[in-house]
Amino acid sequence: MDAHHIALLKLHLTRGIGRNNLFRLYRYFTDFTAALTASPQAWRDAGLNPALKAGIPKDSDPTLIKVLKSINRLQIRIVSFWDAEYPDPLRHIHDPPALLYLRGAPLPAECFAIVGSRRASAPGMILTKDIAAELARYDIAIVSGLARGIDSAAHLGALSVQGRTVAVLGCGIDIVYPAENRKLLEEILRSNTVISEYSPGTRPHAGYFPGRNRIISGLSKGVLIVEASEKSGSLITGDFAMEQGRDVFAIPGALHSPNSKGTNRLLKEGAQLVTEAADILHQLWPQGLNARRQEAPDNDIAALPEPARSVYMTLGPEPLHSDEIARKCGLTPMELSAILLDLELQGRVQALPGHHYMRNRL
């Protein structure tokens, strides 16, 4: 990491120096290394309280050392607003992050966001995966927040066709939240992108998720909301999308379903109704896109290694709880979780709410 980014990291870790102050410092000094050594009066002239300088971590600061170790160990890249790698769509929102922490592949050019309820219904999860997979076949990266429910289904849908996906976190980029999505995060990192504006080690906090949501919508050409209650955080993403001039889409739901109240309200307010991926493609990419050739899943069950074949054969067209699958197959929950995720990524298995699984029609 060069001196510019180390200086930026130190300032980012300083209590009281937020996004706005980082922009003020750069506008005044045009160099973060110069800001570190500037006089208190120069800081005052830049529009900052000079007392903030006392909180800048020294090279021996334990927090700074811990963050630098995480950056080196996990190959985290720091990308500032002033770097060429910074995603162009984010530059043009009214409150762009001053810096981002990235892991994995570079951010793709064409992005579309899918978010929704953490307590999603089985039909909502299935439809989300289908739409995400179809968009991913056109090399459109699916952006979401790695939350349980619809977010997870969106990521998995893209991965099931070897497509691109981007996970935006509301915590440090070295933190797995929720913990149950560790395997999913690892799978995303194999060839895709994880992003956060929060420094490594930052624990998840409710106050961080609206900021995460503005990045999800800011990266994307449009946002689809699947299942949202009246007070769902997904609606915040929709609000950001509208403020940022992005297209907002929603899937209608039953009038009396709590999980449909938010999406139905969005539709009344002008969101575009979606029942299939084609609705999104026709609106945002009317010039057409070339679909990638997708190899059909190998349906030769005999080719599956054990114990994956036993798990697959145990499943059927009716949902089965993971505890029952583990009991029938003689597997521990950890062993079963890894197998189910692999089968899901192959398109053989469908994950449903409440730790239920069923066999896909291939």
# chains A, B, ... in the order shown; residues from 1 in each chain; ligands from 1
>>> residues_around(residues="Asp279 of chain A", least_positions_apart="5", cutoff="10 Å", atoms="only C-alpha atoms", output="list of chain:residue names")
A:Ile131, A:Phe249, A:Gln272, A:Leu273, A:Val274, A:Leu284
>>> write_last_selection(atoms="N, CA, C and O atoms", output="PDB file, in the first residue's frame")
ATOM      1  N   ILE A 131     -34.921 -15.009 -11.445  1.00  0.00           N
ATOM      2  CA  ILE A 131     -34.670 -13.707 -12.078  1.00  0.00           C
ATOM      3  C   ILE A 131     -33.183 -13.376 -12.040  1.00  0.00           C
ATOM      4  O   ILE A 131     -32.605 -12.919 -13.043  1.00  0.00           O
ATOM      5  N   PHE A 249     -37.972  -1.344  -9.452  1.00  0.00           N
ATOM      6  CA  PHE A 249     -38.888  -2.397  -9.857  1.00  0.00           C
ATOM      7  C   PHE A 249     -39.376  -3.122  -8.604  1.00  0.00           C
ATOM      8  O   PHE A 249     -38.681  -3.168  -7.590  1.00  0.00           O
ATOM      9  N   GLN A 272     -41.898  -0.030 -11.216  1.00  0.00           N
ATOM     10  CA  GLN A 272     -42.294  -0.828 -12.377  1.00  0.00           C
ATOM     11  C   GLN A 272     -42.532  -2.285 -11.975  1.00  0.00           C
ATOM     12  O   GLN A 272     -41.727  -2.876 -11.269  1.00  0.00           O
ATOM     13  N   LEU A 273     -43.655  -2.813 -12.421  1.00  0.00           N
ATOM     14  CA  LEU A 273     -44.061  -4.167 -12.035  1.00  0.00           C
ATOM     15  C   LEU A 273     -43.216  -5.202 -12.778  1.00  0.00           C
ATOM     16  O   LEU A 273     -42.980  -5.094 -13.980  1.00  0.00           O
ATOM     17  N   VAL A 274     -42.787  -6.206 -12.038  1.00  0.00           N
ATOM     18  CA  VAL A 274     -41.944  -7.273 -12.600  1.00  0.00           C
ATOM     19  C   VAL A 274     -42.551  -8.622 -12.265  1.00  0.00           C
ATOM     20  O   VAL A 274     -42.933  -8.877 -11.110  1.00  0.00           O
ATOM     21  N   LEU A 284     -34.279  -1.703 -19.118  1.00  0.00           N
ATOM     22  CA  LEU A 284     -32.943  -1.134 -18.899  1.00  0.00           C
ATOM     23  C   LEU A 284     -31.960  -1.413 -20.029  1.00  0.00           C
ATOM     24  O   LEU A 284     -30.999  -0.667 -20.207  1.00  0.00           O
TER      25      LEU A 284
END
>>> residues_around(residues="segment 226-232 of chain A", least_positions_apart="5", cutoff="8 Å", atoms="only C-alpha atoms", output="list in words")
Ile114, Val115, Gly116, Ser117, Ala120, Gly124, Thr128, Ile150, Ala250, Ile251, Gly253, Pro258, Asn259, Ser260, Lys261, Gly262 and Thr263 of chain A
>>> write_last_selection(atoms="N, CA, C and O atoms", output="PDB file, in the first residue's frame")
ATOM      1  N   ILE A 114     -30.818  -6.582  -6.440  1.00  0.00           N
ATOM      2  CA  ILE A 114     -32.017  -7.295  -5.997  1.00  0.00           C
ATOM      3  C   ILE A 114     -31.952  -7.399  -4.468  1.00  0.00           C
ATOM      4  O   ILE A 114     -30.990  -7.940  -3.920  1.00  0.00           O
ATOM      5  N   VAL A 115     -32.961  -6.875  -3.801  1.00  0.00           N
ATOM      6  CA  VAL A 115     -33.016  -6.911  -2.342  1.00  0.00           C
ATOM      7  C   VAL A 115     -34.431  -7.267  -1.907  1.00  0.00           C
ATOM      8  O   VAL A 115     -35.366  -7.230  -2.711  1.00  0.00           O
ATOM      9  N   GLY A 116     -34.580  -7.589  -0.632  1.00  0.00           N
ATOM     10  CA  GLY A 116     -35.910  -7.920  -0.147  1.00  0.00           C
ATOM     11  C   GLY A 116     -35.892  -8.449   1.262  1.00  0.00           C
ATOM     12  O   GLY A 116     -34.910  -8.307   1.999  1.00  0.00           O
ATOM     13  N   SER A 117     -36.968  -9.095   1.639  1.00  0.00           N
ATOM     14  CA  SER A 117     -37.200  -9.509   3.010  1.00  0.00           C
ATOM     15  C   SER A 117     -36.208 -10.565   3.482  1.00  0.00           C
ATOM     16  O   SER A 117     -35.851 -11.474   2.738  1.00  0.00           O
ATOM     17  N   ALA A 120     -38.264 -14.215   3.880  1.00  0.00           N
ATOM     18  CA  ALA A 120     -38.906 -14.400   2.578  1.00  0.00           C
ATOM     19  C   ALA A 120     -39.697 -15.702   2.525  1.00  0.00           C
ATOM     20  O   ALA A 120     -39.395 -16.673   3.220  1.00  0.00           O
ATOM     21  N   GLY A 124     -41.139 -16.558  -3.077  1.00  0.00           N
ATOM     22  CA  GLY A 124     -40.311 -15.369  -3.282  1.00  0.00           C
ATOM     23  C   GLY A 124     -38.858 -15.717  -3.502  1.00  0.00           C
ATOM     24  O   GLY A 124     -38.183 -15.123  -4.355  1.00  0.00           O
ATOM     25  N   THR A 128     -36.849 -15.093  -6.994  1.00  0.00           N
ATOM     26  CA  THR A 128     -35.630 -14.275  -6.929  1.00  0.00           C
ATOM     27  C   THR A 128     -34.464 -14.978  -7.600  1.00  0.00           C
ATOM     28  O   THR A 128     -33.734 -14.388  -8.402  1.00  0.00           O
ATOM     29  N   ILE A 150     -34.055 -12.928   0.752  1.00  0.00           N
ATOM     30  CA  ILE A 150     -34.006 -12.542  -0.659  1.00  0.00           C
ATOM     31  C   ILE A 150     -32.585 -12.217  -1.102  1.00  0.00           C
ATOM     32  O   ILE A 150     -32.173 -12.595  -2.217  1.00  0.00           O
ATOM     33  N   ALA A 250     -40.555  -3.694  -8.688  1.00  0.00           N
ATOM     34  CA  ALA A 250     -41.080  -4.452  -7.555  1.00  0.00           C
ATOM     35  C   ALA A 250     -41.951  -5.589  -8.062  1.00  0.00           C
ATOM     36  O   ALA A 250     -42.544  -5.504  -9.149  1.00  0.00           O
ATOM     37  N   ILE A 251     -42.022  -6.644  -7.260  1.00  0.00           N
ATOM     38  CA  ILE A 251     -42.867  -7.790  -7.576  1.00  0.00           C
ATOM     39  C   ILE A 251     -44.132  -7.686  -6.736  1.00  0.00           C
ATOM     40  O   ILE A 251     -44.054  -7.542  -5.511  1.00  0.00           O
ATOM     41  N   GLY A 253     -47.572  -8.636  -4.674  1.00  0.00           N
ATOM     42  CA  GLY A 253     -47.885  -9.757  -3.796  1.00  0.00           C
ATOM     43  C   GLY A 253     -49.319  -9.700  -3.318  1.00  0.00           C
ATOM     44  O   GLY A 253     -50.054  -8.755  -3.615  1.00  0.00           O
ATOM     45  N   PRO A 258     -48.251  -9.503   4.934  1.00  0.00           N
ATOM     46  CA  PRO A 258     -47.366  -8.468   5.502  1.00  0.00           C
ATOM     47  C   PRO A 258     -46.131  -8.223   4.651  1.00  0.00           C
ATOM     48  O   PRO A 258     -45.642  -7.097   4.556  1.00  0.00           O
ATOM     49  N   ASN A 259     -45.629  -9.277   3.999  1.00  0.00           N
ATOM     50  CA  ASN A 259     -44.420  -9.154   3.187  1.00  0.00           C
ATOM     51  C   ASN A 259     -44.663  -8.495   1.837  1.00  0.00           C
ATOM     52  O   ASN A 259     -43.719  -8.293   1.071  1.00  0.00           O
ATOM     53  N   SER A 260     -45.921  -8.195   1.535  1.00  0.00           N
ATOM     54  CA  SER A 260     -46.230  -7.550   0.260  1.00  0.00           C
ATOM     55  C   SER A 260     -46.624  -6.087   0.412  1.00  0.00           C
ATOM     56  O   SER A 260     -46.747  -5.376  -0.589  1.00  0.00           O
ATOM     57  N   LYS A 261     -46.832  -5.641   1.630  1.00  0.00           N
ATOM     58  CA  LYS A 261     -47.318  -4.272   1.835  1.00  0.00           C
ATOM     59  C   LYS A 261     -46.330  -3.241   1.292  1.00  0.00           C
ATOM     60  O   LYS A 261     -46.720  -2.254   0.674  1.00  0.00           O
ATOM     61  N   GLY A 262     -45.047  -3.468   1.517  1.00  0.00           N
ATOM     62  CA  GLY A 262     -44.038  -2.522   1.042  1.00  0.00           C
ATOM     63  C   GLY A 262     -43.912  -2.507  -0.469  1.00  0.00           C
ATOM     64  O   GLY A 262     -43.858  -1.441  -1.095  1.00  0.00           O
ATOM     65  N   THR A 263     -43.865  -3.685  -1.072  1.00  0.00           N
ATOM     66  CA  THR A 263     -43.718  -3.745  -2.535  1.00  0.00           C
ATOM     67  C   THR A 263     -44.974  -3.238  -3.237  1.00  0.00           C
ATOM     68  O   THR A 263     -44.884  -2.540  -4.248  1.00  0.00           O
TER      69      THR A 263
END
>>> closest_residue(among="A:Thr165, A:Leu336, A:His355, A:Ile93", to="Pro106 of chain A", atoms="only C-alpha atoms")
A:Thr165
>>> closest_residue(among="A:Leu184, A:Tyr138, A:Phe112, A:Asp130", to="Leu224 of chain A", atoms="only C-alpha atoms")
A:Phe112
>>> closest_atom_pairs(of="segment 106-218 of chain A", to="segment 55-71 of chain A", cutoff="9 Å", atoms="only C-alpha atoms", output="Markdown table")
| residue | atom | partner | partner_atom | distance |
| --- | --- | --- | --- | --- |
| A:Asp174 | CA | A:Ser70 | CA | 7.4 |
| A:Ser199 | CA | A:Val67 | CA | 7.5 |
| A:Pro200 | CA | A:Val67 | CA | 5.8 |
| A:Gly201 | CA | A:Val67 | CA | 7.2 |
>>> write_last_selection(atoms="N, CA, C and O atoms", output="short mmCIF file (atom, residue, chain, number, x, y, z; two decimals), in the first residue's frame")
data_model
loop_
_atom_site.label_atom_id
_atom_site.label_comp_id
_atom_site.auth_asym_id
_atom_site.auth_seq_id
_atom_site.Cartn_x
_atom_site.Cartn_y
_atom_site.Cartn_z
N ASP A 174 -14.01 -7.96 6.68
CA ASP A 174 -13.48 -9.20 7.23
C ASP A 174 -14.47 -9.89 8.16
O ASP A 174 -14.15 -10.92 8.75
N SER A 199 -14.26 0.04 7.88
CA SER A 199 -12.91 -0.49 8.04
C SER A 199 -12.95 -1.90 8.60
O SER A 199 -13.89 -2.28 9.31
N PRO A 200 -11.94 -2.72 8.29
CA PRO A 200 -11.88 -4.08 8.82
C PRO A 200 -12.02 -4.08 10.34
O PRO A 200 -11.48 -3.22 11.03
N GLY A 201 -12.76 -5.04 10.84
CA GLY A 201 -13.00 -5.16 12.27
C GLY A 201 -14.27 -4.49 12.74
O GLY A 201 -14.69 -4.69 13.89
#
>>> residues_around(residues="Ile195 of chain A", least_positions_apart="5", cutoff="6 Å", atoms="only C-alpha atoms", output="PyMOL selection string")
chain A and resi 101-102+168
>>> write_last_selection(atoms="C-alpha atoms", output="PDB file, in the first residue's frame")
ATOM      1  CA  TYR A 101     -12.587  -1.723   0.923  1.00  0.00           C
ATOM      2  CA  LEU A 102     -12.722  -4.442  -1.758  1.00  0.00           C
ATOM      3  CA  VAL A 168     -22.105  -5.067  -0.206  1.00  0.00           C
TER       4      VAL A 168
END
>>> residues_around(residues="segment 26-40 of chain A", least_positions_apart="5", cutoff="7 Å", atoms="only C-alpha atoms", output="PyMOL selection string")
chain A and resi 3-4+7-8+46+50
>>> select_by_dssp(residues="segment 44-102 of chain A", states="strand (DSSP E or B)", output="ChimeraX atom specification")
/A:77-80,99-102
>>> closest_residue(among="A:Gly354, A:Gly157, A:Gly18, A:Gly218", to="Asp88 of chain A", atoms="only C-alpha atoms")
A:Gly218
>>> closest_residue(among="A:Arg103, A:Ile216, A:Ile280, A:Glu197", to="Leu13 of chain A", atoms="only C-alpha atoms")
A:Glu197
>>> decode(residues="segment 305-318 of chain A", atoms="all heavy atoms", output="mmCIF file, in the first residue's frame")
data_model
loop_
_atom_site.group_PDB
_atom_site.id
_atom_site.type_symbol
_atom_site.label_atom_id
_atom_site.label_comp_id
_atom_site.auth_asym_id
_atom_site.auth_seq_id
_atom_site.Cartn_x
_atom_site.Cartn_y
_atom_site.Cartn_z
ATOM 1 N N PRO A 305 -20.422 -37.485 -6.326
ATOM 2 C CA PRO A 305 -19.668 -38.221 -5.310
ATOM 3 C C PRO A 305 -20.495 -38.397 -4.041
ATOM 4 O O PRO A 305 -21.411 -37.617 -3.763
ATOM 5 C CB PRO A 305 -18.454 -37.315 -5.062
ATOM 6 C CG PRO A 305 -18.961 -35.934 -5.360
ATOM 7 C CD PRO A 305 -19.952 -36.096 -6.482
ATOM 8 N N GLU A 306 -20.176 -39.405 -3.294
ATOM 9 C CA GLU A 306 -20.791 -39.551 -1.982
ATOM 10 C C GLU A 306 -20.089 -38.614 -0.993
ATOM 11 O O GLU A 306 -18.887 -38.372 -1.131
ATOM 12 C CB GLU A 306 -20.671 -41.003 -1.483
ATOM 13 C CG GLU A 306 -21.572 -41.984 -2.210
ATOM 14 C CD GLU A 306 -23.057 -41.768 -1.921
ATOM 15 O OE1 GLU A 306 -23.397 -40.875 -1.110
ATOM 16 O OE2 GLU A 306 -23.863 -42.472 -2.538
ATOM 17 N N PRO A 307 -20.822 -38.050 -0.023
ATOM 18 C CA PRO A 307 -22.235 -38.287 0.301
ATOM 19 C C PRO A 307 -23.209 -37.353 -0.420
ATOM 20 O O PRO A 307 -24.387 -37.337 -0.095
ATOM 21 C CB PRO A 307 -22.275 -38.039 1.802
ATOM 22 C CG PRO A 307 -21.228 -36.987 2.033
ATOM 23 C CD PRO A 307 -20.133 -37.258 1.022
ATOM 24 N N ALA A 308 -22.730 -36.549 -1.391
ATOM 25 C CA ALA A 308 -23.625 -35.624 -2.079
ATOM 26 C C ALA A 308 -24.751 -36.362 -2.790
ATOM 27 O O ALA A 308 -25.901 -35.913 -2.811
ATOM 28 C CB ALA A 308 -22.840 -34.781 -3.081
ATOM 29 N N ARG A 309 -24.436 -37.554 -3.351
ATOM 30 C CA ARG A 309 -25.468 -38.306 -4.066
ATOM 31 C C ARG A 309 -26.561 -38.760 -3.103
ATOM 32 O O ARG A 309 -27.745 -38.706 -3.429
ATOM 33 C CB ARG A 309 -24.852 -39.512 -4.783
ATOM 34 C CG ARG A 309 -25.849 -40.268 -5.638
ATOM 35 C CD ARG A 309 -25.137 -41.118 -6.676
ATOM 36 N NE ARG A 309 -24.408 -42.215 -6.074
ATOM 37 C CZ ARG A 309 -24.926 -43.438 -5.902
ATOM 38 N NH1 ARG A 309 -26.152 -43.704 -6.296
ATOM 39 N NH2 ARG A 309 -24.209 -44.385 -5.361
ATOM 40 N N SER A 310 -26.166 -39.186 -1.893
ATOM 41 C CA SER A 310 -27.159 -39.607 -0.898
ATOM 42 C C SER A 310 -28.063 -38.454 -0.497
ATOM 43 O O SER A 310 -29.276 -38.631 -0.333
ATOM 44 C CB SER A 310 -26.452 -40.165 0.346
ATOM 45 O OG SER A 310 -25.741 -41.336 0.033
ATOM 46 N N VAL A 311 -27.462 -37.264 -0.342
ATOM 47 C CA VAL A 311 -28.256 -36.094 0.022
ATOM 48 C C VAL A 311 -29.253 -35.785 -1.089
ATOM 49 O O VAL A 311 -30.439 -35.548 -0.838
ATOM 50 C CB VAL A 311 -27.343 -34.878 0.293
ATOM 51 C CG1 VAL A 311 -28.169 -33.600 0.440
ATOM 52 C CG2 VAL A 311 -26.491 -35.108 1.531
ATOM 53 N N TYR A 312 -28.767 -35.808 -2.329
ATOM 54 C CA TYR A 312 -29.644 -35.499 -3.460
ATOM 55 C C TYR A 312 -30.784 -36.513 -3.557
ATOM 56 O O TYR A 312 -31.939 -36.150 -3.798
ATOM 57 C CB TYR A 312 -28.833 -35.482 -4.755
ATOM 58 C CG TYR A 312 -29.662 -35.152 -5.969
ATOM 59 C CD1 TYR A 312 -30.011 -33.838 -6.268
ATOM 60 C CD2 TYR A 312 -30.116 -36.166 -6.813
ATOM 61 C CE1 TYR A 312 -30.788 -33.530 -7.376
ATOM 62 C CE2 TYR A 312 -30.897 -35.869 -7.926
ATOM 63 C CZ TYR A 312 -31.223 -34.546 -8.193
ATOM 64 O OH TYR A 312 -32.008 -34.256 -9.281
ATOM 65 N N MET A 313 -30.472 -37.792 -3.375
ATOM 66 C CA MET A 313 -31.485 -38.832 -3.483
ATOM 67 C C MET A 313 -32.483 -38.764 -2.331
ATOM 68 O O MET A 313 -33.635 -39.185 -2.466
ATOM 69 C CB MET A 313 -30.826 -40.221 -3.528
ATOM 70 C CG MET A 313 -29.972 -40.451 -4.768
ATOM 71 S SD MET A 313 -30.890 -40.243 -6.311
ATOM 72 C CE MET A 313 -32.046 -41.619 -6.189
ATOM 73 N N THR A 314 -32.050 -38.237 -1.197
ATOM 74 C CA THR A 314 -32.948 -38.094 -0.046
ATOM 75 C C THR A 314 -33.998 -37.022 -0.299
ATOM 76 O O THR A 314 -35.123 -37.105 0.192
ATOM 77 C CB THR A 314 -32.129 -37.743 1.218
ATOM 78 O OG1 THR A 314 -31.207 -38.808 1.478
ATOM 79 C CG2 THR A 314 -33.024 -37.547 2.428
ATOM 80 N N LEU A 315 -33.618 -36.031 -1.072
ATOM 81 C CA LEU A 315 -34.534 -34.931 -1.362
ATOM 82 C C LEU A 315 -35.528 -35.320 -2.443
ATOM 83 O O LEU A 315 -35.271 -36.199 -3.257
ATOM 84 C CB LEU A 315 -33.749 -33.696 -1.810
ATOM 85 C CG LEU A 315 -32.890 -33.036 -0.736
ATOM 86 C CD1 LEU A 315 -31.943 -32.029 -1.370
ATOM 87 C CD2 LEU A 315 -33.758 -32.357 0.308
ATOM 88 N N GLY A 316 -36.665 -34.626 -2.421
ATOM 89 C CA GLY A 316 -37.690 -34.859 -3.430
ATOM 90 C C GLY A 316 -38.389 -33.563 -3.772
ATOM 91 O O GLY A 316 -37.890 -32.473 -3.470
ATOM 92 N N PRO A 317 -39.555 -33.620 -4.379
ATOM 93 C CA PRO A 317 -40.270 -32.405 -4.778
ATOM 94 C C PRO A 317 -40.925 -31.680 -3.606
ATOM 95 O O PRO A 317 -41.373 -30.546 -3.758
ATOM 96 C CB PRO A 317 -41.324 -32.923 -5.769
ATOM 97 C CG PRO A 317 -41.538 -34.350 -5.374
ATOM 98 C CD PRO A 317 -40.221 -34.840 -4.871
ATOM 99 N N GLU A 318 -40.987 -32.330 -2.427
ATOM 100 C CA GLU A 318 -41.553 -31.692 -1.245
ATOM 101 C C GLU A 318 -40.424 -31.230 -0.328
ATOM 102 O O GLU A 318 -39.415 -31.927 -0.164
ATOM 103 C CB GLU A 318 -42.464 -32.661 -0.488
ATOM 104 C CG GLU A 318 -43.689 -33.097 -1.277
ATOM 105 C CD GLU A 318 -44.582 -31.930 -1.635
ATOM 106 O OE1 GLU A 318 -44.737 -31.024 -0.788
ATOM 107 O OE2 GLU A 318 -45.116 -31.912 -2.759
#
